[in-house]
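Listing of protein11.csv, CSV, C-alpha atoms
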```
chain,number,residue,atom,x,y,z
A,1,MET,CA,0.0,0.0,0.0
A,2,THR,CA,2.8,2.3,0.8
A,3,GLY,CA,4.4,1.8,-2.6
A,4,ARG,CA,1.2,2.7,-4.4
A,5,PHE,CA,0.8,5.8,-2.3
A,6,SER,CA,4.3,7.0,-3.1
A,7,ILE,CA,3.8,6.4,-6.8
A,8,LEU,CA,0.5,8.2,-6.8
A,9,PHE,CA,1.9,11.1,-4.7
A,10,GLY,CA,4.9,11.4,-7.1
A,11,ALA,CA,2.7,11.4,-10.2
A,12,ILE,CA,0.5,14.2,-8.7
A,13,CYS,CA,3.6,16.2,-7.8
A,14,ILE,CA,5.1,15.8,-11.3
A,15,ALA,CA,1.7,16.7,-13.0
A,16,SER,CA,1.4,19.8,-10.9
A,17,LEU,CA,4.8,21.2,-11.7
A,18,PRO,CA,3.7,23.0,-14.9
A,19,LEU,CA,1.0,24.7,-12.9
A,20,ALA,CA,3.4,26.1,-10.3
A,21,GLY,CA,4.9,28.5,-12.8
A,22,CYS,CA,1.4,29.8,-13.9
A,23,ALA,CA,0.3,30.6,-10.3
A,24,SER,CA,0.7,34.4,-10.5
A,25,GLY,CA,2.4,35.4,-13.7
A,26,VAL,CA,4.8,37.8,-11.9
A,27,GLY,CA,7.8,35.7,-12.9
A,28,SER,CA,7.2,36.5,-16.5
A,29,LEU,CA,6.9,40.3,-15.8
A,30,PRO,CA,9.9,42.5,-16.6
A,31,GLN,CA,11.8,44.2,-13.8
A,32,LEU,CA,10.1,47.5,-13.1
A,33,PRO,CA,12.0,50.5,-14.6
A,34,THR,CA,13.4,52.7,-11.8
A,35,VAL,CA,12.9,56.4,-11.7
A,36,ALA,CA,15.4,58.6,-9.8
A,37,ALA,CA,13.9,60.6,-6.9
A,38,GLN,CA,14.9,63.9,-8.4
A,39,GLU,CA,12.9,63.1,-11.5
A,40,TYR,CA,9.6,63.2,-9.6
A,41,ARG,CA,6.9,64.6,-11.9
A,42,LEU,CA,3.9,66.5,-10.5
A,43,ALA,CA,0.4,65.4,-11.2
A,44,PRO,CA,-3.2,66.1,-10.0
A,45,GLY,CA,-3.5,65.6,-6.3
A,46,ASP,CA,-0.1,66.9,-5.3
A,47,GLU,CA,-0.2,69.7,-2.7
A,48,LEU,CA,2.5,72.3,-3.0
A,49,ARG,CA,3.6,75.3,-0.9
A,50,VAL,CA,4.4,78.3,-3.1
A,51,PHE,CA,6.5,81.1,-1.8
A,52,VAL,CA,7.3,84.2,-3.9
A,53,TYR,CA,9.7,86.5,-2.1
A,54,GLY,CA,8.2,90.0,-1.7
A,55,LEU,CA,4.8,88.9,-3.0
A,56,ASP,CA,2.7,87.9,0.0
A,57,ALA,CA,-0.5,87.5,-2.1
A,58,MET,CA,0.9,84.3,-3.6
A,59,ASN,CA,2.4,82.7,-0.5
A,60,ASN,CA,0.1,79.8,0.3
A,61,THR,CA,-0.5,76.1,-0.2
A,62,TYR,CA,-2.1,75.0,-3.5
A,63,SER,CA,-3.2,71.7,-5.1
A,64,VAL,CA,-2.6,70.6,-8.6
A,65,ASN,CA,-6.2,70.3,-10.0
A,66,ASP,CA,-7.7,67.6,-12.1
A,67,SER,CA,-6.7,69.4,-15.3
A,68,GLY,CA,-3.0,69.5,-14.2
A,69,GLN,CA,-3.1,73.2,-13.4
A,70,LEU,CA,-1.9,75.1,-10.4
A,71,SER,CA,-4.4,78.0,-9.9
A,72,LEU,CA,-2.5,80.9,-8.4
A,73,PRO,CA,-3.7,84.5,-7.6
A,74,LEU,CA,-2.5,87.2,-9.9
A,75,ILE,CA,-1.3,84.8,-12.7
A,76,GLU,CA,-4.2,82.3,-12.8
A,77,GLY,CA,-3.5,78.8,-14.0
A,78,VAL,CA,0.1,77.5,-14.4
A,79,PRO,CA,0.5,74.1,-16.1
A,80,ALA,CA,2.0,71.7,-13.5
A,81,ASN,CA,1.2,68.2,-14.7
A,82,GLY,CA,4.4,66.3,-15.7
A,83,LYS,CA,6.8,69.1,-14.5
A,84,THR,CA,9.5,68.7,-11.9
A,85,VAL,CA,9.5,71.2,-9.0
A,86,PRO,CA,12.3,73.3,-10.6
A,87,GLU,CA,10.4,73.4,-13.9
A,88,LEU,CA,7.3,74.6,-12.1
A,89,GLU,CA,9.3,77.3,-10.3
A,90,GLN,CA,10.6,78.5,-13.6
A,91,ALA,CA,7.1,78.5,-15.1
A,92,ILE,CA,5.7,80.6,-12.2
A,93,ALA,CA,8.6,83.0,-12.5
A,94,ALA,CA,8.1,83.4,-16.2
A,95,LYS,CA,4.4,84.2,-15.8
A,96,LEU,CA,5.2,86.8,-13.2
A,97,VAL,CA,7.6,88.5,-15.5
A,98,ASP,CA,5.3,88.2,-18.5
A,99,ARG,CA,2.5,89.8,-16.6
A,100,GLN,CA,4.9,92.5,-15.3
A,101,ILE,CA,4.1,91.8,-11.7
A,102,VAL,CA,7.7,91.2,-10.6
A,103,GLN,CA,10.8,91.9,-12.6
A,104,ARG,CA,13.1,89.3,-11.0
A,105,PRO,CA,11.0,86.9,-9.1
A,106,ASN,CA,12.5,84.4,-6.6
A,107,VAL,CA,10.1,81.5,-6.5
A,108,ASN,CA,10.2,78.5,-4.1
A,109,VAL,CA,7.9,75.5,-4.5
A,110,GLN,CA,7.9,72.8,-1.9
A,111,PRO,CA,5.9,69.6,-2.1
A,112,MET,CA,3.7,69.3,1.1
A,113,LYS,CA,1.7,66.3,0.3
A,114,MET,CA,2.3,64.0,-2.6
A,115,ARG,CA,-0.2,61.6,-4.2
A,116,PRO,CA,-0.8,58.4,-2.2
A,117,PHE,CA,0.3,54.9,-3.1
A,118,TYR,CA,-2.0,51.9,-3.0
A,119,ILE,CA,-1.2,48.5,-1.7
A,120,LEU,CA,-3.3,45.4,-2.3
A,121,GLY,CA,-3.1,41.7,-1.8
A,122,GLU,CA,-1.5,39.8,1.0
A,123,VAL,CA,-0.9,42.6,3.5
A,124,LYS,CA,-2.8,43.0,6.8
A,125,ALA,CA,-4.4,46.4,5.9
A,126,PRO,CA,-4.6,46.9,2.1
A,127,GLY,CA,-5.5,50.4,1.0
A,128,GLU,CA,-4.4,53.9,0.3
A,129,TYR,CA,-1.4,55.3,2.2
A,130,ALA,CA,0.5,58.6,2.3
A,131,TYR,CA,3.7,58.6,0.4
A,132,ARG,CA,7.0,59.7,2.0
A,133,PRO,CA,10.1,60.3,-0.1
A,134,GLY,CA,12.5,57.4,-0.1
A,135,MET,CA,9.9,54.7,0.4
A,136,SER,CA,10.6,51.1,-0.7
A,137,VAL,CA,8.3,48.1,-1.1
A,138,VAL,CA,9.2,46.9,2.4
A,139,SER,CA,8.3,50.3,4.0
A,140,ALA,CA,5.0,50.3,2.1
A,141,VAL,CA,4.2,46.8,3.4
A,142,SER,CA,5.1,48.0,6.9
A,143,ALA,CA,2.7,50.9,6.5
A,144,ALA,CA,0.0,48.4,5.6
A,145,GLY,CA,0.6,46.4,8.8
A,146,GLY,CA,3.0,43.8,7.4
A,147,TYR,CA,2.6,40.6,5.3
A,148,THR,CA,-0.1,38.1,5.9
A,149,PHE,CA,0.9,34.5,6.5
A,150,ARG,CA,-0.2,33.7,2.9
A,151,ALA,CA,2.1,36.4,1.4
A,152,ASP,CA,4.8,35.4,-1.1
A,153,GLN,CA,7.3,38.1,0.0
A,154,GLY,CA,9.4,37.6,-3.1
A,155,ASN,CA,6.4,37.9,-5.4
A,156,VAL,CA,5.5,41.6,-5.6
A,157,SER,CA,4.4,43.6,-8.7
A,158,ILE,CA,4.0,47.4,-9.1
A,159,THR,CA,1.9,49.2,-11.6
A,160,ARG,CA,3.2,52.7,-12.3
A,161,LYS,CA,2.6,55.4,-14.9
A,162,VAL,CA,5.6,55.9,-17.1
A,163,ASN,CA,5.4,58.5,-19.9
A,164,GLY,CA,1.6,58.6,-19.5
A,165,ARG,CA,0.9,54.8,-19.7
A,166,ALA,CA,0.6,52.1,-17.1
A,167,VAL,CA,3.5,49.8,-16.8
A,168,THR,CA,3.5,46.7,-14.6
A,169,GLY,CA,6.7,45.0,-13.4
A,170,ARG,CA,8.1,42.9,-10.7
A,171,ALA,CA,9.7,44.4,-7.7
A,172,GLY,CA,11.9,43.3,-4.8
A,173,ALA,CA,11.7,44.3,-1.1
A,174,ALA,CA,14.2,47.2,-1.7
A,175,SER,CA,12.6,48.5,-4.9
A,176,PRO,CA,11.7,52.2,-4.6
A,177,ILE,CA,8.1,53.2,-4.9
A,178,LEU,CA,6.6,56.5,-6.1
A,179,PRO,CA,3.4,58.4,-5.4
A,180,GLY,CA,0.5,56.9,-7.3
A,181,ASP,CA,2.1,53.4,-7.5
A,182,ASP,CA,-0.2,50.4,-7.2
A,183,ILE,CA,1.6,47.6,-5.3
A,184,ARG,CA,0.3,44.1,-5.2
A,185,VAL,CA,1.7,41.4,-2.9
A,186,HIS,CA,0.8,38.0,-4.3
A,187,GLU,CA,-0.3,34.9,-2.5
A,188,LYS,CA,2.2,32.0,-2.2
A,189,TRP,CA,1.2,28.6,-3.5
A,190,PHE,CA,2.2,25.9,-1.2
```
Can the structure from this file be put into structure tokens for me?
Amino acid sequence: MTGRFSILFGAICIASLPLAGCASGVGSLPQLPTVAAQEYRLAPGDELRVFVYGLDAMNNTYSVNDSGQLSLPLIEGVPANGKTVPELEQAIAAKLVDRQIVQRPNVNVQPMKMRPFYILGEVKAPGEYAYRPGMSVVSAVSAAGGYTFRADQGNVSITRKVNGRAVTGRAGAASPILPGDDIRVHEKWF
């Protein structure tokens, strides 16, 4: 009886091997392209503190609206979507000069609140979380309460907007995340 059981068990194991690679599909995904922190691009939902030296009417906190504009007093909308912080500072300064409000403006823009990231799958508290510069997959998982007992810690994918389109790739524990990322921790197959 023991011999038959061993043969049957072995046959089941061999038959299930091709299915093991199909479990999640993350293994076939390319490595997620990395983006340097200084290349952070603004998008709707980002909250920015704008300070123009000598022009108190503009010194306040503003949000990039759904159309990608930063609505400022005196100069109205400034396109912000897709710009870096230095590019936005230059765009605000150029509008101030064009409107002849300030001859040599000194503009400072500081991100106050960046878009959140989202984490789903095998974490204890999936959902939306505030982004902090320098976060990695492991710090995002920590913010979500840690892995569940079913989590395959080496099987994580991130969906990120790159040049206006969604790109999904696999990520490791030390992979950096960006605001707006969708992180999925997959289930392990025993």
_Within 12 Å of Thr61 of chain A using only C-alpha atoms, minus same-chain residues under 5 positions, as a PyMOL selection string_ = chain A and resi 46-52+70-73+108-113
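One distance worth recording is that between atom CA of Pro79 of chain A and atom CA of Thr168 of chain A, which is 27.6 Å.
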_A:Gln103, A:Ser67, A:Met135, A:Gly82 ranked by distance to Lys161 of chain A, top pick (using all atoms listed in the file)_ = A:Gly82
*Near Met114 of chain A, within 8 Å and counting only C-alpha atoms, which residues show up once chain neighbours fewer than 6 positions away are dropped, as a PyMOL selection string?*
chain A and resi 45-47+130-132+179
*Distance in Å - atom CA of Leu55 of chain A versus atom CA of Ile101 of chain A*: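 Atom-to-atom, atom CA of Leu55 of chain A to atom CA of Ile101 of chain A, that is 9.2 Å.
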*Would you mind listing what lies within 8 Å of Gln153 of chain A as a ChimeraX atom specification, with only C-alpha atoms counted and same-chain residues fewer than 3 positions away left out?*
/A:147,156,173,185-186
_Given only C-alpha atoms as the basis, pick out the residue of A:Gly68, A:Gly54, A:Pro86, A:Phe149 nearest to Arg104 of chain A._
A:Gly54
May I have a table of the residues of segment 47-118 of chain A lying at most 12 Å from segment 136-142 of chain A, giving each one's closest pair of atoms and their distance in Å to one decimal, counting all atoms listed in the file, ordered by chain and ascending residue number, as JSON lines?
```
{"residue": "A:Pro116", "atom": "CA", "partner": "A:Ala140", "partner_atom": "CA", "distance": 10.9}
{"residue": "A:Phe117", "atom": "CA", "partner": "A:Ala140", "partner_atom": "CA", "distance": 8.4}
{"residue": "A:Tyr118", "atom": "CA", "partner": "A:Ala140", "partner_atom": "CA", "distance": 8.8}
```
_As an exercise, work out the distance from atom CA of Arg99 of chain A to atom CA of Thr84 of chain A in Å and give it to one decimal place._
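If I compute the distance from atom CA of Arg99 of chain A to atom CA of Thr84 of chain A, I get 22.7 Å.
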*Selection as a list in words: residues within 10 Å of (2.1, 70.2, -14.7), counting all atoms listed in the file*: Arg41, Leu42, Ala43, Pro44, Val64, Asn65, Ser67, Gly68, Gln69, Leu70, Val78, Pro79, Ala80, Asn81, Gly82, Lys83, Thr84, Val85, Glu87, Leu88 and Ala91 of chain A
*Taking only C-alpha atoms into account, which of A:Met58, A:Ala144, A:Ile183, A:Ile158 comes nearest Pro105 of chain A?*
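Among the listed residues, the smallest separation from Pro105 of chain A belongs to A:Met58.
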_Nearest-residue call for Ala151 of chain A, choices A:Val102, A:Ile92, A:Leu74, A:Val123, using all atoms listed in the file_ = A:Val123
Could you name the residues that touch Ala125 of chain A at 9 Å or less, counting all atoms listed in the file, but leaving out those on the same chain fewer than 5 positions away, as a compact mmCIF listing (two decimals) with C-alpha atoms, in the frame of the given file?
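Below you can see selection.txt, which holds the result:
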```
# COMPACT_ATOMS: atom_id res chain seq x y z
CA ILE A 119 -1.20 48.50 -1.70
CA LEU A 120 -3.30 45.40 -2.30
CA VAL A 141 4.20 46.80 3.40
CA ALA A 143 2.70 50.90 6.50
CA ALA A 144 0.00 48.40 5.60
CA GLY A 145 0.60 46.40 8.80
CA GLY A 146 3.00 43.80 7.40
```
